[in-house]
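Enquirer: I'd like to ask you about the structure that follows.
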Amino acid sequence: MQLKKLLLAGAGAIALSGCQYHVLSPQGWVGDQERNLLIISTLLMLIVIIPVLVMAVYFPLKYRADRADTSDYDPKFEHSTKLEVVIWGVPILIIIALGWFTYVYTHRLDPYRPLDHLEAGKPVEVQAVSLDWKWLFIYPEFGVASVNELAIPAGRPVNFSLTSSTVMNTLSIPALGGMVYSMAGMETKLHLIADSTGTFAGRSAHYSGPGFAQMTFDTLSLSDADFNAWIEKVRSEGTPLTRDTYLKLEKPSIATPVRYYGTVDKDLFQRVVELCVEEGKVCMGEMMMQDEMGGGGIAGIPNAAAYNYDRPRAIDGFGNPIDLPSNLPALDTEAFLISPDQICSVAAPKETTTNVN
């Protein structure tokens, strides 16, 4: 029996060995606030859960059919105002409290809300791009970038701008706080801060294909001096990140090693957001303006490749690129033209005759 207990304890320890408790041991102001909300919500719900668990055991034992003393049995009992007040009043009060705390913390922890109220110094701007299956971090203030490694200064806010090259992903650093989706053709925001130095795990928290499990990165929370040294290291060791380099980096890959870029093309992140990094592609802002003006019409059909984005990025279920034609087949636009006479013949009402008996 003792051996069995030891084996069960060992199996439990092995099963729990992969657990991480970053959410309950945060290293930043945002994470602290989220942990507080989690604890408050749990304690409020335990006000109901604990009595229910106790009563689930107590009442069946006390009022079982074979009990010896049945003197407390009252066959005429049908209502108790006190019980009704407790049964309905306590849950209502808990729901009101949960609603209030949720409202307060939802606005306090809005991921789009800057952390200026912390008065923690000048924020660092980071542009994050989720690729298949890696993360690209661009530092526009310093003109450098890194792949699968994020460095931030401890004690200073970090303003993230996020987008994706293909499918949705989620930037998640559990030790620092919440997460926000990155989506193609959109720019989302996230604001975090690290209270102390250290290395924190980061990853995508949204399944995005066969390389999802390896879409991880280290977050290096450094002192100001070490952060500046890291920037200089990237600047000296890195290669240029041009539009052509980005298009090569964008190709699907799994378990990509850390990579540095010492220079970054101007407006590269904005072109990623607007899906026009490739030469000849129409940016989304221009596309929307054309749509507002009535679109390209039939004359724009031969130029359809300039508006196409997904076909060159098609992959199979294993993450391998699918070799689809890069351009749509040419179309005879004259076949779509309609003469004014044809329009009039279609629009004109047909004459009908009615027989009157």
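Here, A, B, ... name the chains of the structure tokens in the order displayed, residue numbers run from 1 inside each chain, and ligands are numbered from 1 in the same displayed order.
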Determine which residues of stretch 88-190 of chain A receive a DSSP assignment of strand (DSSP E), computed from the backbone, and state them as a PyMOL selection string.

Expert: chain A and resi 124-131+134-139+144-147+149-153+158-164+169-172+179-182+188-190

Enquirer: Which residues are near A:Arg235? Cut-off 7 Å, only C-alpha atoms, ignore same chain within fewer than 6 positions. Put them as a list in words.

Expert: Val144, Tyr261, Gly262 and Thr263 of chain A

Enquirer: Residues near A:Glu34, anyone? I mean within 10 Å using only C-alpha atoms, not counting same-chain ones fewer than 3 positions away, as a list in words.

Expert: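 My list of contacting residues is Val23, Leu24, Pro26, Trp29, Val30, Gly31, Leu37, Leu38, Ile39, Ile40, Tyr105, Thr106, Leu109, Leu176, Gly177 and Gly178 of chain A.
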
Enquirer: Using only C-alpha atoms, find each residue in stretch 96-198 of chain A having at least one atom no more than 12 Å away from stretch 236-247 of chain A; report its shortest atom-to-atom pair and that distance in Å (one decimal), rows by chain then rising number, as a Markdown table.

Expert:
```
| residue | atom | partner | partner_atom | distance |
| --- | --- | --- | --- | --- |
| A:Val129 | CA | A:Tyr246 | CA | 10.8 |
| A:Leu131 | CA | A:Tyr246 | CA | 10.3 |
| A:Asp132 | CA | A:Leu247 | CA | 11.9 |
| A:Leu136 | CA | A:Tyr246 | CA | 9.6 |
| A:Phe137 | CA | A:Leu241 | CA | 11.4 |
| A:Ile138 | CA | A:Leu241 | CA | 9.8 |
| A:Tyr139 | CA | A:Leu241 | CA | 11.9 |
| A:Gly143 | CA | A:Leu241 | CA | 9.7 |
| A:Val144 | CA | A:Gly238 | CA | 8.1 |
| A:Ala145 | CA | A:Leu241 | CA | 7.7 |
| A:Ser146 | CA | A:Gly238 | CA | 8.5 |
| A:Val147 | CA | A:Gly238 | CA | 10.8 |
| A:Ser165 | CA | A:Leu247 | CA | 10.0 |
```

Enquirer: Could you tell me how far atom CA of A:Ala120 lies from atom CA of A:Arg156, in Å and to one decimal?

Expert: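 Taking atom CA of A:Ala120 as the start and atom CA of A:Arg156 as the end point, the length is 5.3 Å.
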
Enquirer: Compile the contact shell of A:Gly155 as a PDB file with N, CA and C atoms, in the first residue's frame: residues with an atom at most 12 Å away, counting only C-alpha atoms, same-chain residues fewer than 4 positions apart removed.

Expert:
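See selection-v4.pdb below for the written result:
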```
ATOM      1  N   GLN A  27       5.435  39.513 -13.097  1.00  0.00           N
ATOM      2  CA  GLN A  27       6.627  40.342 -12.965  1.00  0.00           C
ATOM      3  C   GLN A  27       6.408  41.741 -13.550  1.00  0.00           C
ATOM      4  N   GLY A  28       5.141  42.173 -13.596  1.00  0.00           N
ATOM      5  CA  GLY A  28       4.833  43.492 -14.146  1.00  0.00           C
ATOM      6  C   GLY A  28       3.513  44.006 -13.593  1.00  0.00           C
ATOM      7  N   TRP A  29       3.293  45.324 -13.715  1.00  0.00           N
ATOM      8  CA  TRP A  29       2.093  45.948 -13.155  1.00  0.00           C
ATOM      9  C   TRP A  29       0.824  45.367 -13.755  1.00  0.00           C
ATOM     10  N   LEU A 115       0.438  53.176 -20.461  1.00  0.00           N
ATOM     11  CA  LEU A 115       0.761  53.088 -19.039  1.00  0.00           C
ATOM     12  C   LEU A 115       1.398  54.381 -18.535  1.00  0.00           C
ATOM     13  N   LEU A 118       1.703  55.369 -14.747  1.00  0.00           N
ATOM     14  CA  LEU A 118       2.715  54.778 -13.874  1.00  0.00           C
ATOM     15  C   LEU A 118       3.929  55.697 -13.713  1.00  0.00           C
ATOM     16  N   GLU A 119       4.055  56.693 -14.610  1.00  0.00           N
ATOM     17  CA  GLU A 119       5.192  57.619 -14.574  1.00  0.00           C
ATOM     18  C   GLU A 119       6.513  56.857 -14.452  1.00  0.00           C
ATOM     19  N   ALA A 120       6.668  55.878 -15.362  1.00  0.00           N
ATOM     20  CA  ALA A 120       7.832  54.980 -15.298  1.00  0.00           C
ATOM     21  C   ALA A 120       8.872  55.291 -16.359  1.00  0.00           C
ATOM     22  N   GLY A 121       8.867  56.493 -16.895  1.00  0.00           N
ATOM     23  CA  GLY A 121       9.877  56.840 -17.883  1.00  0.00           C
ATOM     24  C   GLY A 121       9.360  56.753 -19.297  1.00  0.00           C
ATOM     25  N   LYS A 122      10.243  57.034 -20.246  1.00  0.00           N
ATOM     26  CA  LYS A 122       9.870  57.038 -21.647  1.00  0.00           C
ATOM     27  C   LYS A 122       9.587  55.626 -22.144  1.00  0.00           C
ATOM     28  N   PRO A 123       8.433  55.402 -22.793  1.00  0.00           N
ATOM     29  CA  PRO A 123       8.119  54.066 -23.301  1.00  0.00           C
ATOM     30  C   PRO A 123       9.025  53.662 -24.457  1.00  0.00           C
ATOM     31  N   VAL A 124       9.132  52.374 -24.658  1.00  0.00           N
ATOM     32  CA  VAL A 124       9.867  51.809 -25.791  1.00  0.00           C
ATOM     33  C   VAL A 124       8.852  51.299 -26.804  1.00  0.00           C
ATOM     34  N   LEU A 176       4.154  38.984 -17.735  1.00  0.00           N
ATOM     35  CA  LEU A 176       3.998  40.435 -17.798  1.00  0.00           C
ATOM     36  C   LEU A 176       2.548  40.881 -17.909  1.00  0.00           C
ATOM     37  N   LEU A 192       2.661  46.839 -21.994  1.00  0.00           N
ATOM     38  CA  LEU A 192       3.142  46.029 -20.884  1.00  0.00           C
ATOM     39  C   LEU A 192       4.326  46.718 -20.225  1.00  0.00           C
ATOM     40  N   ILE A 193       4.699  46.219 -19.048  1.00  0.00           N
ATOM     41  CA  ILE A 193       5.874  46.716 -18.346  1.00  0.00           C
ATOM     42  C   ILE A 193       6.425  45.600 -17.473  1.00  0.00           C
ATOM     43  N   ALA A 194       7.739  45.506 -17.383  1.00  0.00           N
ATOM     44  CA  ALA A 194       8.397  44.535 -16.506  1.00  0.00           C
ATOM     45  C   ALA A 194       8.952  45.276 -15.291  1.00  0.00           C
ATOM     46  N   ASP A 195       8.635  44.773 -14.104  1.00  0.00           N
ATOM     47  CA  ASP A 195       9.085  45.429 -12.872  1.00  0.00           C
ATOM     48  C   ASP A 195      10.528  45.095 -12.522  1.00  0.00           C
ATOM     49  N   SER A 196      11.014  43.968 -13.006  1.00  0.00           N
ATOM     50  CA  SER A 196      12.364  43.537 -12.629  1.00  0.00           C
ATOM     51  C   SER A 196      13.049  42.895 -13.820  1.00  0.00           C
ATOM     52  N   THR A 197      14.354  42.726 -13.713  1.00  0.00           N
ATOM     53  CA  THR A 197      15.105  42.066 -14.781  1.00  0.00           C
ATOM     54  C   THR A 197      14.884  40.559 -14.714  1.00  0.00           C
ATOM     55  N   GLY A 198      15.123  39.908 -15.838  1.00  0.00           N
ATOM     56  CA  GLY A 198      14.944  38.460 -15.900  1.00  0.00           C
ATOM     57  C   GLY A 198      14.615  38.038 -17.317  1.00  0.00           C
ATOM     58  N   SER A 221      14.287  40.967 -20.037  1.00  0.00           N
ATOM     59  CA  SER A 221      14.065  42.215 -19.308  1.00  0.00           C
ATOM     60  C   SER A 221      15.406  42.658 -18.737  1.00  0.00           C
ATOM     61  N   LEU A 222      15.924  43.773 -19.250  1.00  0.00           N
ATOM     62  CA  LEU A 222      17.292  44.190 -18.950  1.00  0.00           C
ATOM     63  C   LEU A 222      17.323  45.555 -18.278  1.00  0.00           C
ATOM     64  N   SER A 223      18.410  45.828 -17.620  1.00  0.00           N
ATOM     65  CA  SER A 223      18.633  47.186 -17.114  1.00  0.00           C
ATOM     66  C   SER A 223      18.830  48.128 -18.298  1.00  0.00           C
ATOM     67  N   ASP A 224      18.734  49.425 -18.067  1.00  0.00           N
ATOM     68  CA  ASP A 224      18.884  50.376 -19.168  1.00  0.00           C
ATOM     69  C   ASP A 224      20.239  50.218 -19.857  1.00  0.00           C
ATOM     70  N   PHE A 227      20.209  47.005 -21.842  1.00  0.00           N
ATOM     71  CA  PHE A 227      19.334  47.139 -23.009  1.00  0.00           C
ATOM     72  C   PHE A 227      20.035  47.921 -24.117  1.00  0.00           C
TER      73      PHE A 227
END
```

Enquirer: In Å to one decimal, how far is atom CA of A:Val273 from atom CA of A:Pro210?

Expert: 23.8 Å

Enquirer: For the atom pair atom CA of A:Lys251 and atom CA of A:Thr163, what is the interatomic distance in Å to one decimal place?

Expert: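 Atom CA of A:Thr163 lies at a distance of 16.1 Å from atom CA of A:Lys251.
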
Enquirer: Taking the backbone alone, and naming residues the way the document does, which bits of stretch 111-328 of chain A are helix (DSSP H, G or I) by DSSP, as a ChimeraX atom specification?

Expert: /A:116-118,212-214,224-237,243-249,268-273,284-292,298-307,311-313

Enquirer: Env of A:Pro257: 12 Å cut, atoms = only C-alpha atoms, seq-sep filter 6 positions within chain, self excluded. Answer as a PyMOL selection string.

Expert: chain A and resi 133-136+146-149+214-218+249

Enquirer: Could those residues be written to a file, using C-alpha atoms, as a PDB file, in the first residue's frame?

Expert:
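Listing of selection.pdb after writing:
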```pdb
ATOM      1  CA  TRP A 133       6.026  30.271 -37.344  1.00  0.00           C
ATOM      2  CA  LYS A 134       8.194  32.913 -35.743  1.00  0.00           C
ATOM      3  CA  TRP A 135       8.060  36.417 -34.325  1.00  0.00           C
ATOM      4  CA  LEU A 136       9.682  39.494 -35.812  1.00  0.00           C
ATOM      5  CA  SER A 146      15.236  40.664 -34.085  1.00  0.00           C
ATOM      6  CA  VAL A 147      13.591  37.303 -34.691  1.00  0.00           C
ATOM      7  CA  ASN A 148      12.399  35.158 -31.779  1.00  0.00           C
ATOM      8  CA  GLU A 149      14.075  37.336 -29.161  1.00  0.00           C
ATOM      9  CA  GLN A 214       7.707  26.010 -31.707  1.00  0.00           C
ATOM     10  CA  MET A 215       6.449  29.597 -32.097  1.00  0.00           C
ATOM     11  CA  THR A 216       8.141  30.726 -28.889  1.00  0.00           C
ATOM     12  CA  PHE A 217      10.618  33.424 -27.872  1.00  0.00           C
ATOM     13  CA  ASP A 218      12.520  34.690 -24.841  1.00  0.00           C
ATOM     14  CA  LEU A 249      11.972  35.654 -43.833  1.00  0.00           C
TER      15      LEU A 249
END
```

Enquirer: Could you tell me which of A:Leu171, A:Ala306, A:Leu7, A:Ile92 comes closest to A:Val277 if we count only C-alpha atoms?

Expert: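 When distances to A:Val277 are compared using only C-alpha atoms, the smallest one comes from A:Ala306.
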
Enquirer: Using only C-alpha atoms, which of the listed residues (A:Ala154, A:Ile49, A:Ile94, A:Ala255) sits closest to A:Ala213?

Expert: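 Closest to A:Ala213 of all the choices is A:Ala255.
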